[in-house]
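Structure record follows, encoded as structure tokens.
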Amino acid sequence: MIIMDFNGNKPIYLQICEHIFERIISGELKADSKILSVRELGIELGVNPNTVMRSYENLQESGVIYNKRGIGFFISEKAGEIAVSKMKEEFLNQEMPIIAKKMKLLNINIEDLKQYF
């Protein structure tokens with residue numbers, strides 16, 4: 001059973017893509033492994049199958065998954081590289097500016113952060 005807490009600030013189809021990226025990066029989903037059908041994932045997540053299809057179309061356009069007609073969707077060989085690249089880009093463009101602003105406001109420098117890493 002897949003459990004997701006959806007965030008109201010981001011479209012659900014993008015959150016599903018991100019969830020699949022995380023599962024690929026963690027090694028839970030491996031290259032050439034079959035993923036749930038659109039209908040199955042829709043039921044698991046409690047979302048409209050059209051939303052899942054939009055996610056799958058996005059992932060397919062990005063080269064993360066591919067479709068074997070009549071069989072289903074599978075994880076591509078380069079899915080891990082693509083997932084890391086996409087998530088890194090999103091982090092650096094959307095989350096990092098917020099973190100940097102907060103660090104500047106609170107006068108936190110890199111040396112202060114080293115103790116956490």
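Every chain in the structure tokens takes a letter, A first, then B, and so on in the order presented; its residues are numbered from 1, and the ligands are numbered from 1 following the presented order.
Counting only C-alpha atoms, Met53 (chain A) has the following residues at most 10 Å away, ignoring those fewer than 2 positions along the same chain: Tyr13, Ser37, Val38, Arg39, Leu41, Gly42, Asn48, Pro49, Asn50, Thr51, Ser55, Tyr56, Glu57, Asn58 and Leu59 of chain A.
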| field | Within 9 Å of region 16-28 of chain A using only C-alpha atoms, minus same-chain residues under 6 positions, as a count of residues only | value | 18
| field | Close residues, Leu113 (chain A) itself excluded, 12 Å, only C-alpha atoms, min 3 positions apart in chain, as a VMD selection string | value | chain A and resid 99 to 100 103 107 to 110 116 to 117
| task | Enumerate the residues of region 1-114 of chain A with a DSSP assignment of alpha helix (DSSP H), computed from the backbone, and present them as a PyMOL selection string. | result | chain A and resi 12-25+38-45+49-62+79-90+96-105+110-114
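Note that DSSP on the backbone gives strand (DSSP E or B) to these residues of region 39-94 of chain A: Ile65, Tyr66, Asn67, Lys68, Gly72, Phe73, Phe74 and Ile75 of chain A.
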| message | Rounded to one decimal, what separation in Å do you get between CA of Phe91 (chain A) and CA of Arg54 (chain A)? | response |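 Taking CA of Phe91 (chain A) and CA of Arg54 (chain A), their separation equals 22.1 Å.
CA of Gly72 (chain A) is found 24.1 Å from CA of Pro11 (chain A).
CA of Asp5 (chain A) lies 24.1 Å from CA of Pro97 (chain A).
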